[in-house]
Amino acid sequence: MARAWHLKSRPEAMPAPENFELKEFDPGAMGDGMIRVKNSWLTVDPYMRGRMRDVKSYVPPFQIDAPLEGGAIGEVIESQADGFAVGDMVNHGAGWRDEAVIDASTAQKLPELGVPAQSFLGYLGMPGMTAYFGLLEIGQAKEGDTVFVSGAAGAVGSTVIQIAKAKGMKAIGSAGGADKCEWVKSLGADDCIDYKSDGDLLHKMMDAMPNGLDVYFDNVGGEHLDCAFAVANPGARFAECGMISGYNSTDPMEFRYIMNLIGKGIMMKGFIVTQFMARAAEFYQDMGAMVADGKLESQETVHDGIESQVDAFIGLFTGGNTGKMLVKV
Ligand code: NDP
């Protein structure tokens with residue numbers, strides 16, 4: 001019998017195991033245009049926390065006592081859809097479960113880039129696209145710019161660092177802990193701030209960027225964002241990707257330095273990666289070339305077994321991952 005994680009109750013602050021339940025479920029009947037997929041990799045991503053709130057947003061909220069959804073990579077084990085054969089590996093949105101019956105039009109066959117299948121949930125998947133278009137389109141980053149990236153040891157941030165270096169920018173990261181910072185530097189970052197070490201963040205950022213920042217790729221919000229206003233150069237661009245420091249917080253964010261936005265003419269723009277999905281071919285072409293040139297590498301933190309998915313999810317908010325957080329079914 002197939003199993004899926006269900007949302008049992010909505011978390012108020014930090015999600016806890018009792019908010020979730022792993023239950024047997026019926027994946028549904030096959031029909032014309034449908035495929036049955038045996039999932040081999042499941043992803044957990046911070047945006048899923050937002051879908052656990054019962055509020056109107058860019059994606060509908062998860063329903064109580066219904067299977068959760070999210071990215072997954074799996075093998076087609078039954079097909080009634082043209083163009084999909086048993087044995088094909090696909091990327092699709094019916095994760096948090098070990099087996100899925102889905103409309104084949106919602107699945108993508110994996111591109112041939114000579115990388116492990118799970119890479120398409122990380123630096124060659126949704127987080128990679130977020131990094132690529134967030135940096136180059138939203139942040140308008142160009143050769144010679146100083147790019148500051150918070151959450152730099154995570155899936156999106158570590159990809160931003162590597163794209164920035166591959167395209168001739170100066171890349172400064174911020175991550176929680178000395179080991180994470182060492183890894184960020186091993187990816188080519190010019191420097192990495194350990195925001196959890198002693199000392200105040202503003203001075204750490206000013207020391208790491210004595211000539212200011214031209215692009216801030218924001219994964220974290222809160223104090224990082226506030227200090228970025230102070231360190232920004234005139235005309236800096238802020239790509240507002242995420243604000244994970246606020247996802248489980250009930251306190252309002254406070255900004256001491258936000259008035260710099262005006263005097264420095266800072267351009268701040270939020271985005272959702274789905275707005276760039278139509279440009280997937282361009283992404284695979286450019287990223288594929290960087291992979292072939294050895295300019296991109298991936299690291300994964302892998303939890304074993306579907307039973308571990310909730311731990312993996314909660315780990316996103318406690319710094320439990322270096323690189324992409326994944327679950328191997
Ligand atoms: P990560 O792989 O970066 O995992 C989350 C990391 O966030 C943790 O490992 C932790 O790293 C850091 N973190 C957690 N809590 C805090 C905190 N209070 N302060 C500072 N850092 C914290 O996740 P992703 O790469 O998948 O996502 C990164 C960001 O991008 C998220 O904000 C996410 O919501 C956003 N996002 C936005 C998209 C869009 O379309 N706009 C699409 C995809 C992601 P550490 O140990 O360094 O603290």
# chains A, B, ... in the order shown; residues from 1 in each chain; ligands from 1
call {"tool": "residues_near_ligand", "arguments": {"ligand": "ligand 1", "cutoff": "7 Å", "atoms": "only C-alpha atoms and all ligand atoms", "output": "ChimeraX atom specification"}}
result
/A:45-47,126-127,130,151-157,174-177,219-220,241-246,271-274,316-325
call {"tool": "select_by_dssp", "arguments": {"residues": "range 18-245 of chain A", "states": "strand (DSSP E or B)", "output": "PyMOL selection string"}}
result
chain A and resi 20-24+34-43+64+67+70+72-79+89-92+94+97+99-103+108-109+146-150+154+170-175+191-194+213-218+232-240
call {"tool": "residues_around", "arguments": {"residues": "Tyr123 in chain A", "least_positions_apart": "3", "cutoff": "7 Å", "atoms": "only C-alpha atoms", "output": "PyMOL selection string"}}
result
chain A and resi 119-120+127-128+155+159+298
call {"tool": "residues_around", "arguments": {"residues": "Val76 in chain A", "least_positions_apart": "2", "cutoff": "6 Å", "atoms": "only C-alpha atoms", "output": "ChimeraX atom specification"}}
result
/A:36-37,78,86-88
call {"tool": "closest_residue", "arguments": {"among": "A:Phe84, A:Phe25, A:Tyr132, A:Phe62", "to": "Glu99 in chain A", "atoms": "only C-alpha atoms"}}
result
A:Phe25
call {"tool": "closest_residue", "arguments": {"among": "A:Arg3, A:Leu187, A:Gly95, A:Gly125", "to": "Ala280 in chain A", "atoms": "only C-alpha atoms"}}
result
A:Gly125
call {"tool": "residues_around", "arguments": {"residues": "Gly270 in chain A", "least_positions_apart": "5", "cutoff": "8 Å", "atoms": "only C-alpha atoms", "output": "list of chain:residue names"}}
result
A:Ile138, A:Ala239, A:Glu240, A:Cys241
call {"tool": "write_last_selection", "arguments": {"atoms": "C-alpha atoms", "output": "JSON list (two decimals), in the first residue's frame"}}
result
[["chain", "number", "residue", "atom", "x", "y", "z"],
["A", 138, "ILE", "CA", 15.99, 40.19, -10.80],
["A", 239, "ALA", "CA", 16.74, 40.29, -5.29],
["A", 240, "GLU", "CA", 14.13, 39.37, -2.67],
["A", 241, "CYS", "CA", 14.03, 35.61, -2.87]]
call {"tool": "closest_residue", "arguments": {"among": "A:Ser186, A:Gln80, A:Asn91, A:Thr301", "to": "Leu124 in chain A", "atoms": "only C-alpha atoms"}}
result
A:Asn91
call {"tool": "closest_residue", "arguments": {"among": "A:Lys204, A:Arg53, A:Lys142, A:Lys328", "to": "Trp96 in chain A", "atoms": "only C-alpha atoms"}}
result
A:Lys328
call {"tool": "closest_residue", "arguments": {"among": "A:Ala178, A:Ile266, A:Phe148, A:Met287", "to": "Asp190 in chain A", "atoms": "only C-alpha atoms"}}
result
A:Phe148
call {"tool": "select_by_dssp", "arguments": {"residues": "range 170-310 of chain A", "states": "helix (DSSP H, G or I)", "output": "short mmCIF file (atom, residue, chain, number, x, y, z; two decimals) with all heavy atoms, in the first residue's frame"}}
result
data_model
loop_
_atom_site.label_atom_id
_atom_site.label_comp_id
_atom_site.auth_asym_id
_atom_site.auth_seq_id
_atom_site.Cartn_x
_atom_site.Cartn_y
_atom_site.Cartn_z
N ALA A 178 31.07 27.79 11.25
CA ALA A 178 32.38 27.84 10.60
C ALA A 178 32.49 26.77 9.50
O ALA A 178 33.05 27.03 8.43
CB ALA A 178 33.48 27.64 11.64
N ASP A 179 31.96 25.57 9.76
CA ASP A 179 32.08 24.50 8.75
C ASP A 179 31.33 24.87 7.47
O ASP A 179 31.82 24.66 6.37
CB ASP A 179 31.51 23.18 9.28
CG ASP A 179 32.39 22.60 10.37
OD1 ASP A 179 33.51 23.12 10.55
OD2 ASP A 179 31.95 21.65 11.04
N LYS A 180 30.14 25.41 7.66
CA LYS A 180 29.35 25.82 6.47
C LYS A 180 30.11 26.90 5.70
O LYS A 180 30.15 26.87 4.46
CB LYS A 180 27.97 26.34 6.89
CG LYS A 180 27.02 25.24 7.33
CD LYS A 180 25.59 25.75 7.41
CE LYS A 180 24.64 24.62 7.80
NZ LYS A 180 23.23 24.98 7.67
N CYS A 181 30.69 27.84 6.43
CA CYS A 181 31.43 28.92 5.75
C CYS A 181 32.63 28.38 4.99
O CYS A 181 32.92 28.82 3.88
CB CYS A 181 31.85 29.99 6.75
SG CYS A 181 30.49 31.12 7.10
N GLU A 182 33.32 27.40 5.57
CA GLU A 182 34.47 26.80 4.86
C GLU A 182 34.00 26.18 3.56
O GLU A 182 34.64 26.28 2.52
CB GLU A 182 35.15 25.73 5.75
CG GLU A 182 36.12 26.30 6.75
CD GLU A 182 37.09 27.33 6.15
OE1 GLU A 182 37.75 27.02 5.13
OE2 GLU A 182 37.15 28.47 6.67
N TRP A 183 32.84 25.50 3.61
CA TRP A 183 32.31 24.88 2.40
C TRP A 183 31.94 25.94 1.36
O TRP A 183 32.26 25.80 0.17
CB TRP A 183 31.09 23.99 2.72
CG TRP A 183 30.54 23.35 1.49
CD1 TRP A 183 31.18 22.43 0.69
CD2 TRP A 183 29.28 23.61 0.87
NE1 TRP A 183 30.37 22.10 -0.39
CE2 TRP A 183 29.21 22.81 -0.30
CE3 TRP A 183 28.20 24.42 1.18
CZ2 TRP A 183 28.10 22.80 -1.14
CZ3 TRP A 183 27.09 24.43 0.35
CH2 TRP A 183 27.05 23.61 -0.81
N VAL A 184 31.32 27.02 1.81
CA VAL A 184 30.94 28.10 0.88
C VAL A 184 32.21 28.65 0.21
O VAL A 184 32.23 28.89 -1.01
CB VAL A 184 30.14 29.20 1.62
CG1 VAL A 184 29.93 30.42 0.72
CG2 VAL A 184 28.80 28.64 2.11
N LYS A 185 33.28 28.80 0.98
CA LYS A 185 34.52 29.31 0.39
C LYS A 185 35.12 28.29 -0.58
O LYS A 185 35.69 28.65 -1.60
CB LYS A 185 35.52 29.69 1.49
CG LYS A 185 35.12 31.00 2.17
CD LYS A 185 36.23 31.61 2.97
CE LYS A 185 36.15 31.21 4.42
NZ LYS A 185 37.12 31.84 5.29
N SER A 186 34.93 26.99 -0.26
CA SER A 186 35.46 25.96 -1.17
C SER A 186 34.74 25.98 -2.52
O SER A 186 35.25 25.47 -3.52
CB SER A 186 35.36 24.57 -0.53
OG SER A 186 34.02 24.08 -0.64
N LEU A 201 26.39 41.66 13.28
CA LEU A 201 26.33 41.33 11.85
C LEU A 201 26.76 42.52 10.98
O LEU A 201 27.46 42.34 9.99
CB LEU A 201 24.91 40.86 11.50
CG LEU A 201 24.69 40.39 10.07
CD1 LEU A 201 25.58 39.20 9.72
CD2 LEU A 201 23.22 40.02 9.84
N LEU A 202 26.34 43.71 11.36
CA LEU A 202 26.66 44.87 10.52
C LEU A 202 28.18 45.00 10.36
O LEU A 202 28.68 45.20 9.26
CB LEU A 202 26.07 46.15 11.13
CG LEU A 202 26.37 47.41 10.32
CD1 LEU A 202 25.78 47.33 8.91
CD2 LEU A 202 25.85 48.66 11.04
N HIS A 203 28.91 44.89 11.48
CA HIS A 203 30.37 45.05 11.37
C HIS A 203 31.01 43.90 10.61
O HIS A 203 31.94 44.11 9.84
CB HIS A 203 30.98 45.27 12.76
CG HIS A 203 30.70 46.67 13.24
ND1 HIS A 203 29.64 46.96 14.06
CD2 HIS A 203 31.29 47.85 12.92
CE1 HIS A 203 29.60 48.28 14.26
NE2 HIS A 203 30.59 48.84 13.57
N LYS A 204 30.46 42.71 10.77
CA LYS A 204 31.00 41.58 9.98
C LYS A 204 30.81 41.86 8.49
O LYS A 204 31.69 41.60 7.67
CB LYS A 204 30.28 40.28 10.35
CG LYS A 204 30.60 39.74 11.74
CD LYS A 204 29.83 38.45 11.95
CE LYS A 204 29.71 38.13 13.43
NZ LYS A 204 28.90 36.95 13.70
N MET A 205 29.64 42.38 8.15
CA MET A 205 29.37 42.65 6.73
C MET A 205 30.24 43.79 6.22
O MET A 205 30.75 43.74 5.09
CB MET A 205 27.88 42.94 6.52
CG MET A 205 27.03 41.66 6.59
SD MET A 205 25.24 41.92 6.61
CE MET A 205 24.95 42.83 5.11
N MET A 206 30.43 44.82 7.02
CA MET A 206 31.26 45.95 6.57
C MET A 206 32.71 45.50 6.39
O MET A 206 33.38 45.91 5.46
CB MET A 206 31.14 47.12 7.56
CG MET A 206 29.76 47.75 7.49
SD MET A 206 29.56 49.36 8.32
CE MET A 206 30.45 49.21 9.79
N ASP A 207 33.17 44.60 7.28
CA ASP A 207 34.55 44.11 7.15
C ASP A 207 34.71 43.25 5.89
O ASP A 207 35.73 43.30 5.22
CB ASP A 207 34.93 43.25 8.37
CG ASP A 207 35.13 44.13 9.60
OD1 ASP A 207 35.21 45.37 9.44
OD2 ASP A 207 35.19 43.57 10.72
N ALA A 208 33.69 42.43 5.60
CA ALA A 208 33.79 41.52 4.45
C ALA A 208 33.58 42.26 3.12
O ALA A 208 34.03 41.79 2.08
CB ALA A 208 32.77 40.40 4.58
N GLY A 222 15.00 39.77 7.70
CA GLY A 222 15.38 40.16 9.06
C GLY A 222 16.63 41.00 9.12
O GLY A 222 16.81 41.94 8.34
N GLU A 223 17.52 40.65 10.06
CA GLU A 223 18.70 41.49 10.31
C GLU A 223 19.64 41.52 9.10
O GLU A 223 20.29 42.55 8.84
CB GLU A 223 19.43 40.97 11.55
CG GLU A 223 20.40 42.00 12.08
CD GLU A 223 21.26 41.51 13.24
OE1 GLU A 223 21.13 40.33 13.65
OE2 GLU A 223 22.08 42.31 13.71
N HIS A 224 19.74 40.41 8.37
CA HIS A 224 20.60 40.41 7.18
C HIS A 224 20.12 41.48 6.19
O HIS A 224 20.92 42.24 5.64
CB HIS A 224 20.57 39.04 6.47
CG HIS A 224 21.50 38.02 7.06
ND1 HIS A 224 21.17 37.25 8.13
CD2 HIS A 224 22.75 37.64 6.68
CE1 HIS A 224 22.18 36.43 8.41
NE2 HIS A 224 23.15 36.65 7.54
N LEU A 225 18.84 41.53 5.97
CA LEU A 225 18.28 42.50 5.03
C LEU A 225 18.51 43.92 5.55
O LEU A 225 18.93 44.81 4.81
CB LEU A 225 16.78 42.22 4.82
CG LEU A 225 16.00 43.24 4.00
CD1 LEU A 225 16.60 43.43 2.61
CD2 LEU A 225 14.53 42.80 3.87
N ASP A 226 18.27 44.09 6.84
CA ASP A 226 18.44 45.42 7.42
C ASP A 226 19.88 45.90 7.24
O ASP A 226 20.12 47.03 6.79
CB ASP A 226 18.07 45.34 8.91
CG ASP A 226 17.91 46.72 9.52
OD1 ASP A 226 17.62 47.67 8.76
OD2 ASP A 226 18.07 46.85 10.75
N CYS A 227 20.84 45.04 7.56
CA CYS A 227 22.25 45.45 7.45
C CYS A 227 22.64 45.66 5.99
O CYS A 227 23.50 46.50 5.68
CB CYS A 227 23.16 44.42 8.09
SG CYS A 227 22.91 44.31 9.88
N ALA A 228 22.02 44.92 5.08
CA ALA A 228 22.34 45.08 3.66
C ALA A 228 21.97 46.49 3.18
O ALA A 228 22.67 47.06 2.33
CB ALA A 228 21.62 44.03 2.81
N PHE A 229 20.91 47.07 3.74
CA PHE A 229 20.57 48.47 3.38
C PHE A 229 21.73 49.39 3.73
O PHE A 229 22.04 50.33 3.01
CB PHE A 229 19.32 48.95 4.14
CG PHE A 229 18.03 48.33 3.70
CD1 PHE A 229 17.20 47.68 4.61
CD2 PHE A 229 17.62 48.41 2.38
CE1 PHE A 229 15.99 47.12 4.22
CE2 PHE A 229 16.42 47.85 1.97
CZ PHE A 229 15.60 47.20 2.90
N ALA A 230 22.37 49.11 4.88
CA ALA A 230 23.45 49.98 5.34
C ALA A 230 24.72 49.78 4.51
O ALA A 230 25.47 50.73 4.30
CB ALA A 230 23.74 49.70 6.82
N VAL A 231 24.97 48.56 4.03
CA VAL A 231 26.23 48.25 3.32
C VAL A 231 26.09 48.48 1.81
O VAL A 231 27.09 48.55 1.09
CB VAL A 231 26.64 46.78 3.65
CG1 VAL A 231 27.91 46.38 2.93
CG2 VAL A 231 26.83 46.61 5.16
N ILE A 244 13.58 33.50 5.29
CA ILE A 244 13.36 32.33 6.16
C ILE A 244 13.43 32.68 7.65
O ILE A 244 12.78 32.01 8.45
CB ILE A 244 14.32 31.17 5.79
CG1 ILE A 244 13.84 29.85 6.40
CG2 ILE A 244 15.77 31.49 6.16
CD1 ILE A 244 14.53 28.61 5.87
N SER A 245 14.13 33.76 8.01
CA SER A 245 14.22 34.10 9.44
C SER A 245 12.85 34.47 10.00
O SER A 245 12.66 34.46 11.22
CB SER A 245 15.22 35.23 9.67
OG SER A 245 14.70 36.45 9.17
N GLY A 246 11.89 34.76 9.11
CA GLY A 246 10.57 35.15 9.60
C GLY A 246 9.50 34.07 9.46
O GLY A 246 8.38 34.26 9.94
N ASN A 260 18.01 53.98 3.85
CA ASN A 260 19.04 54.01 2.79
C ASN A 260 18.45 53.70 1.42
O ASN A 260 19.03 54.06 0.39
CB ASN A 260 20.12 52.97 3.09
CG ASN A 260 21.05 53.41 4.19
OD1 ASN A 260 21.83 54.33 4.00
ND2 ASN A 260 20.94 52.79 5.35
N LEU A 261 17.33 53.01 1.43
CA LEU A 261 16.64 52.67 0.19
C LEU A 261 16.44 53.93 -0.67
O LEU A 261 16.61 53.90 -1.89
CB LEU A 261 15.29 52.08 0.58
CG LEU A 261 14.41 51.30 -0.35
CD1 LEU A 261 15.13 50.09 -0.89
CD2 LEU A 261 13.15 50.84 0.40
N ILE A 262 16.13 55.02 0.00
CA ILE A 262 15.79 56.27 -0.71
C ILE A 262 17.07 56.95 -1.21
O ILE A 262 17.28 57.08 -2.42
CB ILE A 262 15.00 57.21 0.22
CG1 ILE A 262 13.74 56.50 0.72
CG2 ILE A 262 14.65 58.51 -0.51
CD1 ILE A 262 13.14 57.11 1.96
N GLY A 263 17.93 57.29 -0.29
CA GLY A 263 19.12 58.06 -0.66
C GLY A 263 20.04 57.32 -1.62
O GLY A 263 20.69 57.94 -2.47
N VAL A 273 9.91 31.90 -8.48
CA VAL A 273 10.62 31.23 -9.57
C VAL A 273 9.70 30.78 -10.70
O VAL A 273 10.11 30.74 -11.86
CB VAL A 273 11.44 30.04 -9.00
CG1 VAL A 273 10.56 28.98 -8.39
CG2 VAL A 273 12.33 29.43 -10.07
N THR A 274 8.45 30.49 -10.38
CA THR A 274 7.55 29.99 -11.42
C THR A 274 7.39 30.99 -12.57
O THR A 274 7.06 30.60 -13.68
CB THR A 274 6.16 29.65 -10.83
OG1 THR A 274 5.78 30.71 -9.95
CG2 THR A 274 6.20 28.35 -10.04
N GLN A 275 7.65 32.28 -12.31
CA GLN A 275 7.52 33.26 -13.39
C GLN A 275 8.55 33.03 -14.49
O GLN A 275 8.43 33.58 -15.57
CB GLN A 275 7.57 34.69 -12.84
CG GLN A 275 8.95 35.19 -12.44
CD GLN A 275 8.91 36.48 -11.62
OE1 GLN A 275 8.50 36.50 -10.46
NE2 GLN A 275 9.33 37.58 -12.22
N PHE A 276 9.58 32.20 -14.18
CA PHE A 276 10.64 31.95 -15.18
C PHE A 276 10.56 30.57 -15.81
O PHE A 276 11.44 30.18 -16.57
CB PHE A 276 12.01 32.16 -14.53
CG PHE A 276 12.26 33.58 -14.11
CD1 PHE A 276 12.24 33.94 -12.77
CD2 PHE A 276 12.49 34.57 -15.06
CE1 PHE A 276 12.46 35.25 -12.38
CE2 PHE A 276 12.70 35.89 -14.68
CZ PHE A 276 12.69 36.23 -13.34
N MET A 277 9.51 29.79 -15.48
CA MET A 277 9.46 28.39 -15.95
C MET A 277 9.52 28.28 -17.48
O MET A 277 10.09 27.34 -18.02
CB MET A 277 8.21 27.67 -15.42
CG MET A 277 8.32 27.32 -13.95
SD MET A 277 9.76 26.30 -13.58
CE MET A 277 9.89 26.44 -11.81
N ALA A 278 8.94 29.26 -18.17
CA ALA A 278 8.93 29.20 -19.63
C ALA A 278 10.34 29.33 -20.20
O ALA A 278 10.56 29.06 -21.38
CB ALA A 278 8.04 30.31 -20.19
N ARG A 279 11.30 29.73 -19.35
CA ARG A 279 12.68 29.92 -19.82
C ARG A 279 13.58 28.76 -19.38
O ARG A 279 14.81 28.92 -19.30
CB ARG A 279 13.21 31.27 -19.33
CG ARG A 279 12.44 32.42 -20.01
CD ARG A 279 12.81 33.77 -19.46
NE ARG A 279 14.20 34.12 -19.68
CZ ARG A 279 14.77 35.24 -19.23
NH1 ARG A 279 14.05 36.12 -18.57
NH2 ARG A 279 16.04 35.48 -19.47
N ALA A 280 12.96 27.59 -19.14
CA ALA A 280 13.74 26.44 -18.65
C ALA A 280 14.84 26.03 -19.63
O ALA A 280 15.95 25.68 -19.21
CB ALA A 280 12.80 25.27 -18.38
N ALA A 281 14.57 26.10 -20.93
CA ALA A 281 15.56 25.64 -21.92
C ALA A 281 16.84 26.48 -21.82
O ALA A 281 17.96 25.95 -21.84
CB ALA A 281 14.98 25.73 -23.32
N GLU A 282 16.65 27.79 -21.67
CA GLU A 282 17.79 28.72 -21.53
C GLU A 282 18.60 28.38 -20.27
O GLU A 282 19.84 28.35 -20.27
CB GLU A 282 17.17 30.11 -21.41
CG GLU A 282 18.06 31.26 -21.34
CD GLU A 282 17.23 32.53 -21.04
OE1 GLU A 282 16.05 32.65 -21.44
OE2 GLU A 282 17.78 33.40 -20.38
N PHE A 283 17.88 28.08 -19.20
CA PHE A 283 18.51 27.71 -17.93
C PHE A 283 19.36 26.45 -18.09
O PHE A 283 20.53 26.40 -17.71
CB PHE A 283 17.41 27.52 -16.87
CG PHE A 283 17.84 26.80 -15.61
CD1 PHE A 283 18.60 27.46 -14.64
CD2 PHE A 283 17.48 25.48 -15.38
CE1 PHE A 283 18.99 26.81 -13.48
CE2 PHE A 283 17.86 24.82 -14.22
CZ PHE A 283 18.62 25.49 -13.27
N TYR A 284 18.75 25.40 -18.68
CA TYR A 284 19.48 24.14 -18.83
C TYR A 284 20.70 24.31 -19.73
O TYR A 284 21.74 23.70 -19.50
CB TYR A 284 18.57 23.02 -19.37
CG TYR A 284 17.59 22.52 -18.34
CD1 TYR A 284 16.22 22.51 -18.59
CD2 TYR A 284 18.04 22.08 -17.10
CE1 TYR A 284 15.32 22.07 -17.63
CE2 TYR A 284 17.15 21.64 -16.13
CZ TYR A 284 15.79 21.64 -16.41
OH TYR A 284 14.92 21.21 -15.45
N GLN A 285 20.56 25.14 -20.75
CA GLN A 285 21.69 25.33 -21.68
C GLN A 285 22.87 26.00 -20.95
O GLN A 285 24.00 25.52 -21.00
CB GLN A 285 21.23 26.19 -22.86
CG GLN A 285 22.29 26.22 -23.94
CD GLN A 285 21.80 26.94 -25.18
OE1 GLN A 285 20.76 27.60 -25.17
NE2 GLN A 285 22.53 26.80 -26.25
N ASP A 286 22.58 27.08 -20.25
CA ASP A 286 23.68 27.82 -19.60
C ASP A 286 24.23 27.03 -18.41
O ASP A 286 25.45 26.89 -18.25
CB ASP A 286 23.15 29.20 -19.15
CG ASP A 286 24.27 30.21 -18.96
OD1 ASP A 286 25.43 29.88 -19.28
OD2 ASP A 286 24.00 31.33 -18.48
N MET A 287 23.33 26.47 -17.60
CA MET A 287 23.79 25.71 -16.42
C MET A 287 24.49 24.42 -16.88
O MET A 287 25.48 24.00 -16.28
CB MET A 287 22.61 25.37 -15.51
CG MET A 287 21.99 26.56 -14.83
SD MET A 287 23.01 27.29 -13.52
CE MET A 287 22.59 26.22 -12.14
N GLY A 288 23.96 23.80 -17.93
CA GLY A 288 24.57 22.57 -18.46
C GLY A 288 26.01 22.84 -18.88
O GLY A 288 26.92 22.04 -18.62
N ALA A 289 26.25 24.01 -19.50
CA ALA A 289 27.61 24.36 -19.92
C ALA A 289 28.50 24.57 -18.70
O ALA A 289 29.66 24.15 -18.68
CB ALA A 289 27.57 25.63 -20.77
N MET A 290 27.95 25.19 -17.66
CA MET A 290 28.76 25.41 -16.44
C MET A 290 29.09 24.07 -15.76
O MET A 290 30.18 23.87 -15.25
CB MET A 290 28.02 26.33 -15.46
CG MET A 290 28.01 27.79 -15.88
SD MET A 290 27.30 28.84 -14.59
CE MET A 290 25.80 29.38 -15.35
N VAL A 291 28.12 23.14 -15.80
CA VAL A 291 28.38 21.80 -15.22
C VAL A 291 29.49 21.12 -16.03
O VAL A 291 30.45 20.58 -15.46
CB VAL A 291 27.09 20.94 -15.24
CG1 VAL A 291 27.40 19.49 -14.84
CG2 VAL A 291 26.03 21.52 -14.30
N ALA A 292 29.37 21.18 -17.36
CA ALA A 292 30.36 20.53 -18.23
C ALA A 292 31.75 21.13 -18.01
O ALA A 292 32.76 20.42 -18.07
CB ALA A 292 29.94 20.66 -19.69
N ILE A 306 11.21 7.55 3.69
CA ILE A 306 10.09 8.50 3.74
C ILE A 306 9.74 8.87 5.18
O ILE A 306 9.29 9.97 5.46
CB ILE A 306 8.86 7.94 2.97
CG1 ILE A 306 7.81 9.04 2.78
CG2 ILE A 306 8.29 6.70 3.63
CD1 ILE A 306 6.66 8.66 1.88
N GLU A 307 10.01 7.95 6.12
CA GLU A 307 9.71 8.21 7.54
C GLU A 307 10.45 9.45 8.04
O GLU A 307 10.03 10.09 9.00
CB GLU A 307 10.12 7.02 8.43
CG GLU A 307 9.41 5.71 8.12
CD GLU A 307 9.98 4.98 6.91
OE1 GLU A 307 11.01 5.43 6.36
OE2 GLU A 307 9.37 3.98 6.49
N SER A 308 11.59 9.79 7.39
CA SER A 308 12.43 10.88 7.90
C SER A 308 12.08 12.24 7.29
O SER A 308 12.75 13.23 7.55
CB SER A 308 13.90 10.55 7.62
OG SER A 308 14.13 10.54 6.22
N GLN A 309 11.02 12.29 6.48
CA GLN A 309 10.78 13.54 5.74
C GLN A 309 10.45 14.73 6.65
O GLN A 309 10.86 15.85 6.39
CB GLN A 309 9.69 13.36 4.67
CG GLN A 309 9.56 14.62 3.81
CD GLN A 309 9.01 14.39 2.43
OE1 GLN A 309 8.52 13.31 2.13
NE2 GLN A 309 9.08 15.39 1.57
N VAL A 310 9.69 14.48 7.70
CA VAL A 310 9.34 15.59 8.59
C VAL A 310 10.58 16.12 9.30
O VAL A 310 10.77 17.34 9.43
CB VAL A 310 8.24 15.16 9.58
CG1 VAL A 310 8.11 16.15 10.72
CG2 VAL A 310 6.90 15.04 8.84
#
call {"tool": "residues_around", "arguments": {"residues": "Trp41 in chain A", "least_positions_apart": "4", "cutoff": "6 Å", "atoms": "only C-alpha atoms", "output": "ChimeraX atom specification"}}
result
/A:72-73,327-329
call {"tool": "write_last_selection", "arguments": {"atoms": "N, CA, C and O atoms", "output": "PDB file, in the first residue's frame"}}
result
ATOM      1  N   ALA A  72       9.344  15.859  -6.509  1.00  0.00           N
ATOM      2  CA  ALA A  72       9.798  14.475  -6.372  1.00  0.00           C
ATOM      3  C   ALA A  72      10.405  14.018  -7.694  1.00  0.00           C
ATOM      4  O   ALA A  72      10.038  14.514  -8.762  1.00  0.00           O
ATOM      5  N   ILE A  73      11.327  13.086  -7.586  1.00  0.00           N
ATOM      6  CA  ILE A  73      11.888  12.417  -8.763  1.00  0.00           C
ATOM      7  C   ILE A  73      11.537  10.942  -8.623  1.00  0.00           C
ATOM      8  O   ILE A  73      11.709  10.351  -7.542  1.00  0.00           O
ATOM      9  N   VAL A 327      15.305  13.743   0.678  1.00  0.00           N
ATOM     10  CA  VAL A 327      14.927  12.476   1.306  1.00  0.00           C
ATOM     11  C   VAL A 327      15.022  11.393   0.233  1.00  0.00           C
ATOM     12  O   VAL A 327      14.458  11.524  -0.861  1.00  0.00           O
ATOM     13  N   LYS A 328      15.760  10.321   0.556  1.00  0.00           N
ATOM     14  CA  LYS A 328      15.868   9.191  -0.381  1.00  0.00           C
ATOM     15  C   LYS A 328      14.841   8.158   0.078  1.00  0.00           C
ATOM     16  O   LYS A 328      14.874   7.716   1.228  1.00  0.00           O
ATOM     17  N   VAL A 329      13.926   7.836  -0.812  1.00  0.00           N
ATOM     18  CA  VAL A 329      12.840   6.929  -0.401  1.00  0.00           C
ATOM     19  C   VAL A 329      13.380   5.498  -0.348  1.00  0.00           C
ATOM     20  O   VAL A 329      14.110   5.061  -1.244  1.00  0.00           O
TER      21      VAL A 329
END
call {"tool": "residues_around", "arguments": {"residues": "Ala13 in chain A", "least_positions_apart": "2", "cutoff": "9 Å", "atoms": "only C-alpha atoms", "output": "ChimeraX atom specification"}}
result
/A:11,15-16,247-250
call {"tool": "atom_distance", "arguments": {"atom1": "CA of Met129 in chain A", "atom2": "CA of Ile77 in chain A"}}
result
28.2 Å
